[in-house]
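> This is the content of structure_29.txt (compact mmCIF, C-alpha atoms):
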```
# COMPACT_ATOMS: atom_id res chain seq x y z
CA MET A 170 -12.11 21.98 5.44
CA LEU A 171 -12.35 18.35 6.50
CA THR A 172 -9.37 16.92 8.41
CA ILE A 173 -9.00 13.33 9.56
CA SER A 174 -6.21 12.06 11.81
CA THR A 175 -5.44 8.92 13.78
CA HIS A 176 -3.00 7.30 16.12
CA ILE A 177 -2.39 3.73 17.23
CA LEU A 178 -1.44 2.62 20.71
CA ASN A 179 -0.33 -0.93 21.39
CA ALA A 180 -2.24 -1.39 24.65
CA SER A 181 -0.38 -4.59 25.52
CA LEU A 182 2.94 -2.68 25.56
CA GLY A 183 1.70 0.79 26.46
CA GLN A 184 3.56 2.15 23.43
CA PRO A 185 2.68 3.72 20.09
CA ALA A 186 2.60 1.49 17.00
CA PRO A 187 4.96 2.94 14.37
CA GLN A 188 5.15 2.04 10.68
CA VAL A 189 1.58 0.73 10.38
CA LEU A 190 0.01 1.29 6.97
CA VAL A 191 -3.36 3.02 7.28
CA LYS A 192 -5.70 3.48 4.32
CA LEU A 193 -8.54 6.03 4.20
CA PHE A 194 -11.50 5.17 1.97
CA TYR A 195 -14.59 7.15 0.98
CA ILE A 196 -17.64 4.86 0.73
CA GLN A 197 -20.46 5.71 -1.65
CA ALA A 198 -23.18 3.33 -2.86
CA ASP A 199 -21.20 0.31 -1.62
CA GLN A 200 -18.15 1.39 -3.62
CA SER A 201 -14.88 2.19 -1.86
CA THR A 202 -12.55 4.87 -3.20
CA LEU A 203 -9.05 5.11 -1.78
CA VAL A 204 -8.52 8.70 -0.62
CA ASP A 205 -5.05 8.41 0.92
CA GLN A 206 -2.71 5.95 2.58
CA GLN A 207 0.14 6.63 4.97
CA PHE A 208 2.34 4.92 7.53
CA THR A 209 2.13 5.93 11.17
CA ASN A 210 5.14 7.89 12.40
CA ALA A 211 7.44 6.97 15.32
CA ASP A 212 4.74 8.19 17.72
CA GLY A 213 2.10 5.98 16.05
CA ARG A 214 0.36 8.99 14.50
CA ILE A 215 -0.88 10.25 11.19
CA GLN A 216 -1.36 13.98 11.69
CA THR A 217 -3.68 14.43 8.72
CA PHE A 218 -4.70 12.51 5.65
CA GLN A 219 -4.49 14.25 2.29
CA ILE A 220 -8.08 14.83 1.20
CA ASP A 221 -8.63 16.61 -2.12
CA GLN A 222 -12.40 16.68 -2.01
CA THR A 223 -14.32 17.15 1.22
CA PRO A 224 -17.73 15.54 0.92
CA CYS A 225 -19.84 14.54 3.87
CA GLY A 226 -20.61 10.86 4.01
CA SER A 227 -19.19 7.48 4.96
CA TYR A 228 -15.48 6.88 5.44
CA GLN A 229 -13.40 3.91 6.47
CA LEU A 230 -9.95 3.67 8.02
CA CYS A 231 -8.18 0.33 7.48
CA PHE A 232 -5.20 -0.36 9.72
CA GLU A 233 -2.92 -3.08 8.32
CA VAL A 234 -1.73 -4.43 11.69
CA ALA A 235 -0.51 -7.92 10.68
CA ALA A 236 2.93 -6.72 9.56
CA TYR A 237 3.29 -4.64 12.73
CA PHE A 238 2.70 -7.65 15.00
CA GLN A 239 4.93 -9.82 12.81
CA SER A 240 7.72 -7.25 13.22
CA LEU A 241 7.38 -7.74 16.99
CA ASN A 242 7.39 -11.53 16.52
CA VAL A 243 3.95 -11.68 18.15
CA ASP A 244 1.03 -13.86 17.06
CA SER A 245 -2.14 -11.88 16.49
CA PHE A 246 -5.72 -12.60 15.53
CA TYR A 247 -6.66 -9.61 13.34
CA PRO A 248 -4.68 -9.01 10.12
CA LYS A 249 -6.34 -5.63 9.75
CA VAL A 250 -8.81 -3.44 11.59
CA CYS A 251 -11.33 -1.41 9.59
CA ILE A 252 -13.32 1.35 11.24
CA ASP A 253 -16.32 2.88 9.50
CA PHE A 254 -17.47 6.36 10.48
CA TYR A 255 -19.71 9.09 9.16
CA VAL A 256 -18.72 12.69 8.48
CA LYS A 257 -21.64 15.08 8.97
CA ASP A 258 -19.77 18.39 9.09
CA ILE A 259 -16.73 19.03 6.88
CA GLU A 260 -15.72 21.97 9.08
CA GLN A 261 -14.88 19.62 11.97
CA HIS A 262 -11.74 17.66 12.72
CA TYR A 263 -12.23 13.90 13.00
CA HIS A 264 -9.64 12.06 15.10
CA VAL A 265 -10.09 8.28 15.15
CA PRO A 266 -7.62 6.54 17.51
CA LEU A 267 -7.08 2.79 17.66
CA LEU A 268 -5.96 0.83 20.69
CA ILE A 269 -4.68 -2.61 19.72
CA SER A 270 -3.39 -5.75 21.32
CA PRO A 271 -2.74 -9.10 19.65
CA PHE A 272 -6.28 -10.38 20.26
CA SER A 273 -8.46 -7.28 20.70
CA TYR A 274 -8.95 -3.68 19.68
CA SER A 275 -11.03 -0.65 20.59
CA THR A 276 -11.62 2.79 19.18
CA TYR A 277 -13.38 6.04 19.95
CA ARG A 278 -13.81 9.50 18.49
CA GLY A 279 -11.01 11.59 19.85
CA SER A 280 -10.36 15.30 19.71
```
As structure tokens - that is how I would like this structure written.

Amino acid sequence: MLTISTHILNASLGQPAPQVLVKLFYIQADQSTLVDQQFTNADGRIQTFQIDQTPCGSYQLCFEVAAYFQSLNVDSFYPKVCIDFYVKDIEQHYHVPLLISPFSYSTYRGS
């Protein structure tokens, strides 16, 4: 069964980013379907998104980071960060971390 998780680290503070809304979309034929949305916990994590169907294909995680930076009273450049990725094997776990700072971000496939 497909599982997708994430976490956000504020690289400029060296701390997790709590209470960030993250939306998971399934993308098919240029149409986005919202699969689930959750807020990161106190450790900046979403342990697993609720996925009813488990098709292979294109997914997107959208991190709504503007409100997070506003809560810190910090100017930032990106109001949201969207990461597209492809699921080839629904038996695997896909962990997609995000490292953010007010004017940059990076990501990788975690474990």
> Just checking: using only C-alpha atoms, which residue out of A:Ser240, A:Ser174, A:Gln207, A:Thr202 ends up closest to Tyr228 in chain A?
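Nearest candidate to Tyr228 in chain A out of A:Ser240, A:Ser174, A:Gln207, A:Thr202: A:Thr202.
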> To one decimal place, how far is CA of Ser201 in chain A from CA of Gln239 in chain A in Å?
27.4 Å
> Could you check which of A:Phe194, A:Tyr277, A:Tyr247, A:Tyr255 is closest to Gln219 in chain A, using only C-alpha atoms?
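Answer, going by the shortest atom-to-atom distance: A:Phe194.
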> For the point (-14.0, 3.2, 21.1) in file coordinates, what residues are within 12 Å, counting all atoms listed in the file? Give the answer as a PDB file with C-alpha atoms, in the coordinates of the input?

```
ATOM      1  CA  ILE A 252     -13.320   1.350  11.240  1.00  0.00           C
ATOM      2  CA  ASP A 253     -16.320   2.880   9.500  1.00  0.00           C
ATOM      3  CA  PHE A 254     -17.470   6.360  10.480  1.00  0.00           C
ATOM      4  CA  HIS A 264      -9.640  12.060  15.100  1.00  0.00           C
ATOM      5  CA  VAL A 265     -10.090   8.280  15.150  1.00  0.00           C
ATOM      6  CA  PRO A 266      -7.620   6.540  17.510  1.00  0.00           C
ATOM      7  CA  LEU A 267      -7.080   2.790  17.660  1.00  0.00           C
ATOM      8  CA  LEU A 268      -5.960   0.830  20.690  1.00  0.00           C
ATOM      9  CA  ILE A 269      -4.680  -2.610  19.720  1.00  0.00           C
ATOM     10  CA  SER A 273      -8.460  -7.280  20.700  1.00  0.00           C
ATOM     11  CA  TYR A 274      -8.950  -3.680  19.680  1.00  0.00           C
ATOM     12  CA  SER A 275     -11.030  -0.650  20.590  1.00  0.00           C
ATOM     13  CA  THR A 276     -11.620   2.790  19.180  1.00  0.00           C
ATOM     14  CA  TYR A 277     -13.380   6.040  19.950  1.00  0.00           C
ATOM     15  CA  ARG A 278     -13.810   9.500  18.490  1.00  0.00           C
ATOM     16  CA  GLY A 279     -11.010  11.590  19.850  1.00  0.00           C
TER      17      GLY A 279
END
```
> Distance cut-off 10 Å, centre (-11.7, 23.1, 9.0) in file coordinates, counting all atoms listed in the file: which residues qualify? Return them as a VMD selection string.
chain A and resid 170 to 172 258 to 262
> What is the CA of Lys192 in chain A-CA of Cys231 in chain A distance in Å, reported with one decimal?
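We find that CA of Lys192 in chain A and CA of Cys231 in chain A lie 5.1 Å from each other.
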> Quick one: of A:Ile196, A:Val256, A:Val243, A:Leu190, who's nearest to Thr223 in chain A, counting all atoms listed in the file?
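Distance minimum relative to Thr223 in chain A lands on A:Val256.
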> In Å, rounded to a single decimal, give me how far CA of Ala180 in chain A is from CA of Ser270 in chain A.
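Interatomic distance here is 5.6 Å.
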> Tell me which of A:Cys225, A:Val189, A:Ala211, A:Leu203 sits closest to Pro248 in chain A, counting all atoms listed in the file.
A:Val189
> Contacts of Ala186 in chain A at 7 Å or less, counting all atoms listed in the file, minus same-chain residues fewer than 4 places along, as an mmCIF file with C-alpha atoms, in the coordinates of the input?

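Wrote result14.cif, looks like this:
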```cif
data_model
loop_
_atom_site.group_PDB
_atom_site.id
_atom_site.type_symbol
_atom_site.label_atom_id
_atom_site.label_comp_id
_atom_site.auth_asym_id
_atom_site.auth_seq_id
_atom_site.Cartn_x
_atom_site.Cartn_y
_atom_site.Cartn_z
ATOM 1 C CA ILE A 177 -2.390 3.730 17.230
ATOM 2 C CA LEU A 178 -1.440 2.620 20.710
ATOM 3 C CA ASN A 179 -0.330 -0.930 21.390
ATOM 4 C CA GLY A 213 2.100 5.980 16.050
#
```
